[in-house]
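One file, data17.pdb, is given below (PDB, C-alpha atoms).
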```pdb
ATOM      1  CA  MET K   1      11.580 -37.596  -5.823
ATOM      2  CA  THR K   2      11.207 -36.536  -2.220
ATOM      3  CA  ASN K   3       8.998 -38.237   0.321
ATOM      4  CA  ILE K   4       5.864 -36.027   0.466
ATOM      5  CA  GLY K   5       5.460 -36.717   4.188
ATOM      6  CA  ASN K   6       8.928 -35.338   4.988
ATOM      7  CA  GLN K   7       8.696 -32.265   2.756
ATOM      8  CA  ARG K   8       9.614 -28.838   4.093
ATOM      9  CA  ALA K   9       9.269 -25.535   2.264
ATOM     10  CA  GLY K  10       9.631 -21.867   3.047
ATOM     11  CA  PHE K  11      11.307 -18.572   2.283
ATOM     12  CA  ALA K  12      14.862 -17.431   2.942
ATOM     13  CA  ALA K  13      15.681 -13.744   2.449
ATOM     14  CA  ILE K  14      19.210 -12.641   1.696
ATOM     15  CA  ILE K  15      19.759  -9.014   2.634
ATOM     16  CA  GLY K  16      22.875  -6.893   2.391
ATOM     17  CA  ALA K  17      24.476  -3.767   1.011
ATOM     18  CA  PRO K  18      24.702  -3.426  -2.794
ATOM     19  CA  ASN K  19      27.589  -5.546  -4.152
ATOM     20  CA  ALA K  20      27.723  -7.798  -1.061
ATOM     21  CA  GLY K  21      27.386 -10.752  -3.476
ATOM     22  CA  LYS K  22      23.702 -11.628  -2.960
ATOM     23  CA  SER K  23      22.969 -12.518  -6.588
ATOM     24  CA  THR K  24      26.109 -14.685  -6.845
ATOM     25  CA  LEU K  25      25.072 -16.515  -3.678
ATOM     26  CA  VAL K  26      21.528 -17.115  -4.965
ATOM     27  CA  ASN K  27      22.929 -18.443  -8.241
ATOM     28  CA  HIS K  28      25.271 -20.800  -6.370
ATOM     29  CA  LEU K  29      22.503 -22.082  -4.090
ATOM     30  CA  THR K  30      20.095 -22.718  -6.978
ATOM     31  CA  GLY K  31      22.658 -23.907  -9.518
ATOM     32  CA  THR K  32      21.191 -21.710 -12.263
ATOM     33  CA  LYS K  33      21.582 -18.137 -13.369
ATOM     34  CA  VAL K  34      18.453 -16.651 -11.850
ATOM     35  CA  SER K  35      19.416 -13.235 -10.655
ATOM     36  CA  ILE K  36      21.303 -10.669 -12.720
ATOM     37  CA  VAL K  37      24.975 -10.526 -11.769
ATOM     38  CA  THR K  38      26.986  -7.502 -12.921
ATOM     39  CA  GLN K  39      29.739  -5.389 -11.425
ATOM     40  CA  LYS K  40      27.494  -2.335 -11.094
ATOM     41  CA  VAL K  41      25.766  -1.805  -7.759
ATOM     42  CA  GLN K  42      21.993  -1.770  -7.666
ATOM     43  CA  THR K  43      21.387  -4.135 -10.553
ATOM     44  CA  THR K  44      18.746  -6.276  -8.850
ATOM     45  CA  ARG K  45      15.575  -4.202  -8.809
ATOM     46  CA  PHE K  46      12.992  -6.648  -7.501
ATOM     47  CA  PRO K  47      13.005  -9.714  -5.262
ATOM     48  CA  VAL K  48      14.045 -12.458  -7.655
ATOM     49  CA  ARG K  49      13.112 -15.753  -6.105
ATOM     50  CA  GLY K  50      15.530 -18.542  -6.781
ATOM     51  CA  ILE K  51      14.522 -22.027  -5.706
ATOM     52  CA  ALA K  52      17.095 -24.238  -4.015
ATOM     53  CA  ILE K  53      16.530 -27.898  -3.194
ATOM     54  CA  GLU K  54      18.325 -29.565  -0.305
ATOM     55  CA  GLY K  55      17.163 -33.098   0.463
ATOM     56  CA  ASP K  56      13.432 -32.930   1.280
ATOM     57  CA  ALA K  57      13.504 -29.146   1.666
ATOM     58  CA  GLN K  58      12.589 -26.520  -0.914
ATOM     59  CA  ILE K  59      14.118 -23.128  -0.105
ATOM     60  CA  VAL K  60      12.564 -20.185  -1.949
ATOM     61  CA  LEU K  61      15.265 -17.518  -1.974
ATOM     62  CA  VAL K  62      14.142 -13.931  -1.928
ATOM     63  CA  ASP K  63      17.020 -12.048  -3.518
ATOM     64  CA  THR K  64      16.317  -8.554  -2.248
ATOM     65  CA  PRO K  65      17.670  -5.377  -3.835
ATOM     66  CA  GLY K  66      20.675  -4.037  -1.923
ATOM     67  CA  ILE K  67      19.650  -2.131   1.174
ATOM     68  CA  PHE K  68      21.256   1.280   1.234
ATOM     69  CA  THR K  69      20.459   4.844   2.189
ATOM     70  CA  PRO K  70      17.767   5.862  -0.331
ATOM     71  CA  ARG K  71      18.116   9.135  -2.250
ATOM     72  CA  ARG K  72      15.474   8.978  -5.004
ATOM     73  CA  ARG K  73      11.988   7.534  -5.471
ATOM     74  CA  LEU K  74      13.423   4.468  -7.244
ATOM     75  CA  ASP K  75      15.856   3.961  -4.353
ATOM     76  CA  ARG K  76      13.049   4.183  -1.802
ATOM     77  CA  ALA K  77      10.947   1.629  -3.670
ATOM     78  CA  MET K  78      13.898  -0.774  -3.887
ATOM     79  CA  VAL K  79      14.749  -0.501  -0.180
ATOM     80  CA  ALA K  80      11.079  -0.982   0.796
ATOM     81  CA  SER K  81      11.008  -4.051  -1.458
ATOM     82  CA  ALA K  82      14.134  -5.439   0.208
ATOM     83  CA  TRP K  83      12.718  -5.069   3.719
ATOM     84  CA  GLY K  84       9.380  -6.436   2.514
ATOM     85  CA  GLY K  85      11.184  -9.557   1.276
ATOM     86  CA  ALA K  86      12.913  -9.953   4.636
ATOM     87  CA  ASP K  87       9.727  -9.478   6.661
ATOM     88  CA  GLY K  88       7.857 -12.348   5.040
ATOM     89  CA  ALA K  89      10.722 -14.846   5.259
ATOM     90  CA  ASP K  90      11.158 -17.868   7.544
ATOM     91  CA  VAL K  91      14.877 -17.171   7.838
ATOM     92  CA  VAL K  92      17.012 -14.112   7.009
ATOM     93  CA  VAL K  93      20.691 -14.092   6.040
ATOM     94  CA  HIS K  94      22.647 -10.837   6.267
ATOM     95  CA  LEU K  95      25.449 -11.072   3.720
ATOM     96  CA  ILE K  96      28.494  -8.849   4.228
ATOM     97  CA  ASP K  97      31.450  -8.369   1.887
ATOM     98  CA  ALA K  98      34.116  -9.144   4.503
ATOM     99  CA  ALA K  99      37.092  -7.914   2.457
ATOM    100  CA  SER K 100      35.399  -4.597   1.676
ATOM    101  CA  HIS K 101      34.287  -4.161   5.299
ATOM    102  CA  ILE K 102      37.837  -4.636   6.603
ATOM    103  CA  ALA K 103      39.209  -2.292   3.906
ATOM    104  CA  SER K 104      36.698   0.412   4.895
ATOM    105  CA  GLU K 105      38.397   0.687   8.276
ATOM    106  CA  GLY K 106      41.893   1.236   6.878
ATOM    107  CA  LYS K 107      43.677   3.891   4.843
ATOM    108  CA  GLU K 108      43.617   1.761   1.686
ATOM    109  CA  GLY K 109      39.799   1.609   1.684
ATOM    110  CA  GLN K 110      37.972   3.047  -1.313
ATOM    111  CA  ALA K 111      34.885   5.297  -1.176
ATOM    112  CA  ALA K 112      32.808   2.251  -2.273
ATOM    113  CA  ASP K 113      34.098   0.256   0.724
ATOM    114  CA  ARG K 114      33.109   3.031   3.133
ATOM    115  CA  ARG K 115      29.676   3.354   1.499
ATOM    116  CA  SER K 116      29.170  -0.402   1.827
ATOM    117  CA  ALA K 117      30.142  -0.307   5.537
ATOM    118  CA  GLU K 118      27.707   2.604   6.038
ATOM    119  CA  ASP K 119      24.925   0.546   4.404
ATOM    120  CA  THR K 120      25.783  -2.403   6.664
ATOM    121  CA  GLY K 121      25.417  -0.039   9.635
ATOM    122  CA  THR K 122      21.969   1.012   8.335
ATOM    123  CA  ILE K 123      20.903  -2.656   8.180
ATOM    124  CA  ILE K 124      22.207  -3.465  11.678
ATOM    125  CA  ALA K 125      20.357  -0.431  13.114
ATOM    126  CA  ALA K 126      17.108  -1.504  11.402
ATOM    127  CA  LEU K 127      17.478  -5.113  12.664
ATOM    128  CA  LYS K 128      18.079  -3.800  16.196
ATOM    129  CA  ALA K 129      15.021  -1.554  15.996
ATOM    130  CA  ALA K 130      12.905  -4.508  14.821
ATOM    131  CA  GLY K 131      14.311  -6.774  17.541
ATOM    132  CA  LYS K 132      15.326  -9.314  14.882
ATOM    133  CA  GLN K 133      18.053 -11.952  15.048
ATOM    134  CA  VAL K 134      19.393 -13.188  11.712
ATOM    135  CA  ILE K 135      22.165 -15.373  10.309
ATOM    136  CA  LEU K 136      25.417 -13.563   9.465
ATOM    137  CA  ALA K 137      27.301 -14.677   6.347
ATOM    138  CA  LEU K 138      30.736 -13.179   5.808
ATOM    139  CA  ASN K 139      31.360 -13.340   2.059
ATOM    140  CA  LYS K 140      34.454 -13.001  -0.191
ATOM    141  CA  ILE K 141      36.742 -14.570   2.410
ATOM    142  CA  ASP K 142      39.157 -15.901  -0.249
ATOM    143  CA  GLY K 143      42.734 -15.144   0.771
ATOM    144  CA  MET K 144      41.736 -13.413   4.019
ATOM    145  CA  ARG K 145      43.572 -14.172   7.255
ATOM    146  CA  ARG K 146      41.662 -16.280   9.732
ATOM    147  CA  ASP K 147      42.404 -13.997  12.709
ATOM    148  CA  THR K 148      41.102 -10.980  10.728
ATOM    149  CA  LEU K 149      37.858 -12.852   9.967
ATOM    150  CA  LEU K 150      37.426 -13.996  13.580
ATOM    151  CA  ALA K 151      37.948 -10.428  14.829
ATOM    152  CA  LEU K 152      35.345  -9.161  12.339
ATOM    153  CA  SER K 153      32.778 -11.806  13.307
ATOM    154  CA  HIS K 154      33.378 -11.004  17.004
ATOM    155  CA  THR K 155      32.710  -7.275  16.374
ATOM    156  CA  MET K 156      29.560  -8.121  14.421
ATOM    157  CA  PHE K 157      28.273 -10.464  17.139
ATOM    158  CA  GLU K 158      28.569  -7.705  19.729
ATOM    159  CA  THR K 159      25.751  -5.843  17.918
ATOM    160  CA  GLY K 160      23.353  -8.522  19.215
ATOM    161  CA  VAL K 161      21.511  -9.006  15.920
ATOM    162  CA  TYR K 162      23.096 -12.306  14.816
ATOM    163  CA  SER K 163      22.297 -15.833  15.951
ATOM    164  CA  GLU K 164      25.235 -17.521  14.179
ATOM    165  CA  VAL K 165      27.903 -16.891  11.542
ATOM    166  CA  TYR K 166      28.959 -18.628   8.310
ATOM    167  CA  MET K 167      32.156 -17.796   6.437
ATOM    168  CA  ILE K 168      31.695 -18.283   2.722
ATOM    169  CA  SER K 169      32.858 -17.480  -0.765
ATOM    170  CA  ALA K 170      29.743 -17.211  -2.951
ATOM    171  CA  LEU K 171      31.999 -17.176  -6.005
ATOM    172  CA  SER K 172      34.003 -20.367  -5.346
ATOM    173  CA  GLY K 173      31.232 -22.048  -3.332
ATOM    174  CA  ASP K 174      33.433 -22.397  -0.259
ATOM    175  CA  GLY K 175      31.183 -22.839   2.805
ATOM    176  CA  VAL K 176      27.972 -22.406   0.766
ATOM    177  CA  ASP K 177      26.822 -26.029   1.242
ATOM    178  CA  ASP K 178      26.898 -25.642   5.050
ATOM    179  CA  LEU K 179      24.794 -22.498   4.778
ATOM    180  CA  LYS K 180      22.381 -24.274   2.417
ATOM    181  CA  GLN K 181      21.903 -27.122   4.905
ATOM    182  CA  ARG K 182      21.230 -24.597   7.663
ATOM    183  CA  LEU K 183      18.581 -22.849   5.503
ATOM    184  CA  ALA K 184      16.957 -26.214   4.681
ATOM    185  CA  HIS K 185      16.794 -26.981   8.412
ATOM    186  CA  ALA K 186      15.002 -23.639   9.025
ATOM    187  CA  MET K 187      12.200 -24.409   6.537
ATOM    188  CA  PRO K 188       8.854 -25.317   8.112
ATOM    189  CA  ALA K 189       7.301 -28.717   7.378
ATOM    190  CA  GLY K 190       4.849 -28.558   4.481
ATOM    191  CA  HIS K 191       4.309 -29.312   0.797
ATOM    192  CA  TRP K 192       6.669 -27.789  -1.732
ATOM    193  CA  LEU K 193       5.526 -24.423  -3.070
ATOM    194  CA  TYR K 194       6.801 -24.903  -6.631
ATOM    195  CA  PRO K 195       7.135 -27.746  -9.144
ATOM    196  CA  GLU K 196      10.414 -29.615  -8.783
ATOM    197  CA  ASP K 197      11.871 -28.435 -12.111
ATOM    198  CA  GLN K 198      11.227 -24.728 -11.574
ATOM    199  CA  SER K 199      14.138 -22.573 -10.498
ATOM    200  CA  ALA K 200      12.794 -19.030 -10.734
ATOM    201  CA  ASP K 201       9.507 -17.384  -9.940
ATOM    202  CA  VAL K 202      10.194 -14.329 -12.107
ATOM    203  CA  PRO K 203       7.695 -13.698 -14.897
ATOM    204  CA  MET K 204       9.432 -14.437 -18.196
ATOM    205  CA  ARG K 205       8.962 -10.956 -19.643
ATOM    206  CA  VAL K 206      10.586  -9.421 -16.554
ATOM    207  CA  LEU K 207      13.548 -11.798 -16.760
ATOM    208  CA  ALA K 208      13.865 -10.965 -20.487
ATOM    209  CA  ALA K 209      13.967  -7.245 -19.627
ATOM    210  CA  GLU K 210      16.597  -7.858 -16.928
ATOM    211  CA  ILE K 211      18.795  -9.827 -19.327
ATOM    212  CA  THR K 212      18.733  -6.985 -21.864
ATOM    213  CA  ARG K 213      19.357  -4.422 -19.122
ATOM    214  CA  GLU K 214      22.405  -6.390 -18.010
ATOM    215  CA  LYS K 215      23.762  -6.208 -21.569
ATOM    216  CA  VAL K 216      23.116  -2.450 -21.697
ATOM    217  CA  TYR K 217      25.162  -2.026 -18.529
ATOM    218  CA  LEU K 218      27.955  -4.305 -19.655
ATOM    219  CA  ARG K 219      28.331  -2.207 -22.799
ATOM    220  CA  VAL K 220      27.659   1.403 -21.731
ATOM    221  CA  HIS K 221      27.860   1.511 -17.925
ATOM    222  CA  GLU K 222      30.566   4.204 -17.976
ATOM    223  CA  GLU K 223      28.400   6.659 -19.922
ATOM    224  CA  LEU K 224      25.032   5.651 -18.439
ATOM    225  CA  PRO K 225      25.474   4.853 -14.764
ATOM    226  CA  TYR K 226      21.763   4.368 -13.920
ATOM    227  CA  SER K 227      19.871   6.329 -16.506
ATOM    228  CA  ALA K 228      18.417   3.390 -18.418
ATOM    229  CA  ALA K 229      15.532   0.975 -17.935
ATOM    230  CA  VAL K 230      14.245  -1.858 -20.108
ATOM    231  CA  GLU K 231      10.615  -2.879 -20.510
ATOM    232  CA  THR K 232       9.363  -5.954 -22.365
ATOM    233  CA  THR K 233       6.398  -4.551 -24.281
ATOM    234  CA  ALA K 234       5.388  -7.752 -26.116
ATOM    235  CA  PHE K 235       6.096 -11.473 -25.620
ATOM    236  CA  GLU K 236       4.477 -13.747 -28.167
ATOM    237  CA  ASP K 237       4.695 -17.502 -28.724
ATOM    238  CA  LYS K 238       4.787 -18.163 -32.478
ATOM    239  CA  ALA K 239       3.213 -21.183 -34.202
ATOM    240  CA  ASP K 240       6.667 -22.460 -35.253
ATOM    241  CA  GLY K 241       7.713 -22.743 -31.588
ATOM    242  CA  SER K 242       9.817 -19.578 -31.561
ATOM    243  CA  ALA K 243       9.265 -16.524 -29.348
ATOM    244  CA  ARG K 244       8.865 -12.952 -30.589
ATOM    245  CA  ILE K 245       9.935 -10.407 -27.965
ATOM    246  CA  GLU K 246       9.664  -6.627 -28.249
ATOM    247  CA  GLN K 247      11.477  -4.387 -25.797
ATOM    248  CA  THR K 248      12.013  -0.684 -25.178
ATOM    249  CA  ILE K 249      15.170   0.761 -23.638
ATOM    250  CA  TYR K 250      14.323   4.040 -21.882
ATOM    251  CA  VAL K 251      16.950   6.739 -21.379
ATOM    252  CA  GLU K 252      16.433  10.027 -19.545
ATOM    253  CA  ARG K 253      17.972  12.490 -22.044
ATOM    254  CA  GLU K 254      18.172  12.896 -25.811
ATOM    255  CA  SER K 255      21.981  13.000 -25.544
ATOM    256  CA  GLN K 256      21.945   9.427 -24.124
ATOM    257  CA  ARG K 257      20.117   7.914 -27.084
ATOM    258  CA  PRO K 258      23.180   7.900 -29.415
ATOM    259  CA  ILE K 259      25.196   6.228 -26.609
ATOM    260  CA  VAL K 260      22.846   3.221 -26.610
ATOM    261  CA  LEU K 261      22.550   3.158 -30.405
ATOM    262  CA  GLY K 262      26.299   3.505 -31.038
ATOM    263  CA  LYS K 263      27.954   4.420 -34.321
ATOM    264  CA  GLY K 264      25.789   3.098 -37.166
ATOM    265  CA  GLY K 265      23.625   1.290 -34.571
ATOM    266  CA  GLN K 266      26.508  -1.043 -33.639
ATOM    267  CA  THR K 267      26.079  -0.816 -29.855
ATOM    268  CA  LEU K 268      22.368  -1.603 -29.960
ATOM    269  CA  LYS K 269      23.087  -4.445 -32.384
ATOM    270  CA  TRP K 270      25.618  -5.923 -29.925
ATOM    271  CA  ILE K 271      23.170  -5.568 -27.006
ATOM    272  CA  GLY K 272      20.394  -7.235 -29.039
ATOM    273  CA  GLN K 273      22.631 -10.088 -30.192
ATOM    274  CA  LYS K 274      23.986 -10.898 -26.718
ATOM    275  CA  SER K 275      20.531 -10.694 -25.158
ATOM    276  CA  ARG K 276      19.012 -12.891 -27.877
ATOM    277  CA  GLU K 277      21.743 -15.520 -27.414
ATOM    278  CA  GLU K 278      21.084 -15.731 -23.672
ATOM    279  CA  LEU K 279      17.290 -15.739 -24.102
ATOM    280  CA  THR K 280      17.528 -18.491 -26.731
ATOM    281  CA  GLU K 281      19.519 -20.608 -24.276
ATOM    282  CA  LEU K 282      17.194 -19.815 -21.372
ATOM    283  CA  LEU K 283      13.953 -20.479 -23.276
ATOM    284  CA  ASP K 284      15.479 -23.364 -25.224
ATOM    285  CA  ARG K 285      13.919 -22.167 -28.532
ATOM    286  CA  PRO K 286      14.584 -19.602 -31.261
ATOM    287  CA  VAL K 287      14.017 -15.982 -30.197
ATOM    288  CA  HIS K 288      13.243 -13.000 -32.437
ATOM    289  CA  LEU K 289      14.149  -9.880 -30.470
ATOM    290  CA  PHE K 290      13.202  -6.325 -31.470
ATOM    291  CA  ILE K 291      14.540  -3.428 -29.404
ATOM    292  CA  THR K 292      13.749   0.277 -29.680
ATOM    293  CA  VAL K 293      15.319   3.154 -27.725
ATOM    294  CA  LYS K 294      13.067   5.885 -26.330
ATOM    295  CA  VAL K 295      13.820   9.093 -24.481
ATOM    296  CA  ASP K 296      11.636   9.519 -21.412
ATOM    297  CA  PRO K 297      12.975  11.939 -18.784
ATOM    298  CA  LYS K 298      10.364  10.635 -16.360
ATOM    299  CA  TRP K 299      10.875   6.865 -16.688
ATOM    300  CA  GLN K 300      11.896   6.732 -13.018
ATOM    301  CA  ASP K 301       8.395   8.016 -12.243
ATOM    302  CA  SER K 302       6.602   5.439 -14.395
ATOM    303  CA  ARG K 303       4.114   3.316 -12.441
ATOM    304  CA  ALA K 304       4.125   0.669 -15.179
ATOM    305  CA  LEU K 305       7.855   0.025 -14.845
ATOM    306  CA  TYR K 306       7.591  -0.235 -11.064
ATOM    307  CA  ALA K 307       4.711  -2.696 -11.455
ATOM    308  CA  GLN K 308       6.777  -4.763 -13.933
ATOM    309  CA  PHE K 309       9.423  -5.247 -11.252
ATOM    310  CA  GLY K 310       6.928  -5.802  -8.435
ATOM    311  CA  LEU K 311       8.012  -2.599  -6.677
ATOM    312  CA  ASN K 312       5.713  -0.223  -4.793
ATOM    313  CA  PHE K 313       5.607   3.139  -6.571
ATOM    314  CA  ASP K 314       4.097   4.973  -3.581
ATOM    315  CA  VAL K 315       6.781   4.350  -0.964
TER     316      VAL K 315
END
```
Take the structure in the file and write it out as structure tokens.
Amino acid sequence: MTNIGNQRAGFAAIIGAPNAGKSTLVNHLTGTKVSIVTQKVQTTRFPVRGIAIEGDAQIVLVDTPGIFTPRRRLDRAMVASAWGGADGADVVVHLIDAASHIASEGKEGQAADRRSAEDTGTIIAALKAAGKQVILALNKIDGMRRDTLLALSHTMFETGVYSEVYMISALSGDGVDDLKQRLAHAMPAGHWLYPEDQSADVPMRVLAAEITREKVYLRVHEELPYSAAVETTAFEDKADGSARIEQTIYVERESQRPIVLGKGGQTLKWIGQKSREELTELLDRPVHLFITVKVDPKWQDSRALYAQFGLNFDV
């Protein structure tokens, strides 16, 4: 137990381009799988708050959606949510995929690297406009040359928006403890905001929907880049201690329905099984999961889905 008199608590926002490694970092800081980690960009759709404890400090991590140049209504809502998370925080960390950023400047860089560097530029411009100074964290430094990293941090510092730099690997944990101590130090004195044993502030039905959506992407991301959403329509605690969860997977076109169902329903069965296994482990009790697939060409315009993820529909 901490000494109540010495307690500190506050919010730390982690901003960055999609795929910078924000969710992996949050998971490493909290020690639990809180945010959804997949290889597809744009998988975190709402500010998942992970809770990290460091000594007497409780750090509530706002894991913002990736900040990028918005093209659709959903994109605009996600970017507004990301900046909203940063605005209310006591400390902000700008996470950059160092390897990708360096690659973007050379001939071997992929389109994704250049897009990521462009998004980083968008963030720097917005920080400048707001007159903000934040902490820079260069991520994915594994195997990178020290002089390359120092040159990159020097270039970044010249923008004037960073107060200090940390070099980390969110995946291996290299350098993460130093960053965690720095975040703890930035928390204002005050009582903890959450019970000691709580690691995520996400409503259970939202987390359940995110877990299923992760499985959908793992299985059919090639055929359905971003045309699917998952909503938890019912979450019931049964008398025998188990949970009954009903969910709907929304796709935009009739032709996408068979992709999610799979031959003889095999794909949907796999998605349901994997999701149920993870939910059973997370909830620590038996889970009965029922999933249906619906075609709704306008799901991206559904207020209810935006509300589920805590996003503002009217951005």
**Message:** as a list in words, please: the residues near Ala130 of chain K (cut-off 12 Å, all atoms listed in the file, same-chain neighbours under 3 positions excluded).
**Reply:**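 Counting all atoms listed in the file, the residues come to Trp83, Ala86, Asp87, Ile123, Ile124, Ala125, Ala126, Leu127, Gln133, Val134 and Val161 of chain K.
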**Request:** Go through the shown structure with the PyMOL selection byres ((chain K and resi 230) around 9) and write out the matching residues as a VMD selection string.
**Result:** chain K and resid 209 to 210 212 to 213 228 to 229 231 to 232 247 to 250 305
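Among the candidates K:Leu224, K:Val165, K:Ala52, K:Leu149, the residue lying nearest to Thr30 of chain K is K:Ala52 (atoms considered: all atoms listed in the file).
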**Fill in**
From atom CA of Ser172 of chain K to atom CA of Thr24 of chain K the spacing works out at 9.8 Å
**Item:** Nearest residue to Asp177 of chain K from the set K:Ile141, K:Ile291, K:Ala117, K:Ile53 (distances using all atoms listed in the file)
**Value:**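 Among K:Ile141, K:Ile291, K:Ala117, K:Ile53, it is K:Ile53 that comes nearest to Asp177 of chain K.
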